[in-house]
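Working notes, beginning with the structure itself.
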Amino acid sequence: MIKKDFYKYLTAAFLLGCFFLSSCENDEKEVKKLSSKVLGIEEAKYVKINYSVGGKVKAILTSSLMLRVQDTVPYVEFPKDIHVDFYNDSQKVESILTARYGRYKESQGIVLLRDSVKVINIDKGDTLYCMELNWDRSRPGREFYTDKPVRIRTKTETLNGIGMEAKQNFKDFVILKPVGPIKVPASQFPQ
């Protein structure tokens with residue numbers, strides 16, 4: 001009888017031990033998923049945003065997709081396209097900006113534009129082409145800037161360079177490192 005009870009207890013202990021040993025395993029992906037940070041993302045399609053100062057429209061932004069991401073530094077992203085019309089004090093469009101991608105860091109007031117960036121000054125007809133451009137409201141008179149290659153087409157010539165700074169209306173610009181031939185009128189040659 002003691003032998004029979006001994007085997008029952010031994011069998012029960014063995015099965016219970018096997019149960020505990022085999023059931024204590026966590027999937028590594030599941031653990032990482034539980035401990036990872038989940039970002040809050042708001043999505044808006046076909047947006048039109050009016051920016052105004054003192055009741056006057058300064059810019060109208062349109063995009064087919066806008067994402068507002070709540071991260072440690074919140075930002076607004078335009079992953080498909082962005083189009084901005086900038087207005088002068090007479091409420092006329094003075095410049096147009098287009099790009100395939102944009103990201104606006106709200107707390108810093110900085111916009112990063114990438115992929116087929118184009119800025120046109122309507123009055124002068126000058127057009128900037130580049131692959132990356134920044135806009136920073138804390139740089140009055142030089143809001144647009146880049147350290148990447150740029151091409152600017154004016155009515156009379158095409159200018160190439162590395163790096164550029166310009167006003168938001170793109171009336172005045174400076175190419176930081178001009179590249180290639182530059183036309184200089186004979187009257188400006190040193191004597």
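How things are named: the first chain in the structure tokens is A, the next is B, and so on; residues count from 1 in each chain; ligands count from 1 in the order shown.
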
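Non-sequential neighbours of A:Ile152 (distance at most 7 Å, separation of 4 or more positions within a chain, only C-alpha atoms) are Asp126, Thr127, Leu128, Tyr129, Thr158, Leu159 and Asn160 of chain A.
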
field: Selection: 6 Å around stretch 171-182 of chain A, only C-alpha atoms, excl. self and same-chain fewer than 4 positions, as a PyMOL selection string
entry: chain A and resi 160-167

If you keep C-alpha atoms, can you produce a file of those selected residues as a PDB file, in the first residue's frame?
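See result36.pdb below for the written result:
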ATOM      1  CA  ASN A 160      23.942  76.075 -59.629  1.00  0.00           C
ATOM      2  CA  GLY A 161      25.520  75.738 -56.228  1.00  0.00           C
ATOM      3  CA  ILE A 162      25.810  74.053 -52.876  1.00  0.00           C
ATOM      4  CA  GLY A 163      23.845  75.715 -50.093  1.00  0.00           C
ATOM      5  CA  MET A 164      21.459  78.634 -50.280  1.00  0.00           C
ATOM      6  CA  GLU A 165      19.631  81.151 -48.107  1.00  0.00           C
ATOM      7  CA  ALA A 166      16.563  83.117 -49.179  1.00  0.00           C
ATOM      8  CA  LYS A 167      13.664  85.205 -47.967  1.00  0.00           C
TER       9      LYS A 167
END

At what distance in Å, to one decimal, does atom CA of A:Lys124 lie from atom CA of A:Glu94?
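These atoms are spaced 9.4 Å apart.
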
Give me, as CSV, the closest atom pair and its distance (Å, one decimal) for every residue of stretch 133-183 of chain A within a cut-off of 6 Å of stretch 106-120 of chain A, counting only C-alpha atoms, rows sorted by chain and rising number.
residue,atom,partner,partner_atom,distance
A:Leu133,CA,A:Leu113,CA,5.1
A:Asn134,CA,A:Leu112,CA,4.7
A:Trp135,CA,A:Val111,CA,5.0
A:Asp136,CA,A:Ile110,CA,4.7

Written selection (C-alpha atoms) as a short mmCIF file (atom, residue, chain, number, x, y, z; two decimals), in the first residue's frame:
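What landed in selection_18.cif:
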data_model
loop_
_atom_site.label_atom_id
_atom_site.label_comp_id
_atom_site.auth_asym_id
_atom_site.auth_seq_id
_atom_site.Cartn_x
_atom_site.Cartn_y
_atom_site.Cartn_z
CA LEU A 133 15.07 72.71 -48.04
CA ASN A 134 14.46 74.04 -44.53
CA TRP A 135 12.18 76.84 -43.36
CA ASP A 136 12.77 78.42 -39.97
#

Within 12 Å of stretch 51-69 of chain A: each stretch 89-189 of chain A residue with its shortest pair, only C-alpha atoms, as CSV:
residue,atom,partner,partner_atom,distance
A:Asp89,CA,A:Lys56,CA,7.5
A:Ser90,CA,A:Lys56,CA,9.1
A:Gln91,CA,A:Val57,CA,6.8
A:Lys92,CA,A:Lys58,CA,9.5
A:Val93,CA,A:Ala59,CA,8.6
A:Glu94,CA,A:Ala59,CA,9.9
A:Ser95,CA,A:Ala59,CA,9.5
A:Ile96,CA,A:Ala59,CA,9.4
A:Leu97,CA,A:Leu61,CA,9.3
A:Thr98,CA,A:Thr62,CA,9.7
A:Ala99,CA,A:Ser63,CA,10.0
A:Arg100,CA,A:Ser63,CA,9.6
A:Tyr101,CA,A:Ser63,CA,9.8
A:Gly102,CA,A:Met66,CA,9.4
A:Arg103,CA,A:Leu67,CA,9.4
A:Tyr104,CA,A:Arg68,CA,9.4
A:Lys105,CA,A:Val69,CA,9.9
A:Glu106,CA,A:Arg68,CA,10.0
A:Gln168,CA,A:Ala59,CA,10.7
A:Asn169,CA,A:Lys58,CA,10.6

Those same residues - C-alpha atoms - I'd like them written as a tab-separated table (two decimals), in the first residue's frame.
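File part-v3.tsv, as written:
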chain	number	residue	atom	x	y	z
A	89	ASP	CA	0.26	92.30	-47.69
A	90	SER	CA	-2.00	93.01	-50.71
A	91	GLN	CA	-3.32	89.42	-50.42
A	92	LYS	CA	-1.75	88.36	-53.73
A	93	VAL	CA	0.28	85.17	-54.14
A	94	GLU	CA	3.95	86.18	-54.17
A	95	SER	CA	5.57	82.73	-54.07
A	96	ILE	CA	4.63	79.06	-54.40
A	97	LEU	CA	6.31	76.10	-52.74
A	98	THR	CA	5.84	72.42	-53.62
A	99	ALA	CA	7.51	69.24	-52.37
A	100	ARG	CA	6.77	65.54	-52.10
A	101	TYR	CA	7.48	65.42	-48.36
A	102	GLY	CA	7.32	67.83	-45.44
A	103	ARG	CA	7.79	67.67	-41.67
A	104	TYR	CA	6.97	70.49	-39.26
A	105	LYS	CA	8.36	70.42	-35.71
A	106	GLU	CA	5.77	72.55	-33.96
A	168	GLN	CA	10.32	83.47	-47.69
A	169	ASN	CA	9.02	85.37	-50.74

Using only C-alpha atoms, the residue out of A:Asn88, A:Ile122, A:Pro79, A:Ile41 with shortest distance to A:Lys155 is A:Ile122

query = For the atom pair atom CA of A:Pro149 and atom CA of A:Val73, what is the interatomic distance in Å to one decimal place?
reply =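 Between atom CA of A:Pro149 and atom CA of A:Val73 the gap works out to 28.3 Å.
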
Between atom CA of A:Glu157 and atom CA of A:Gly125 lies a distance of 11.5 Å
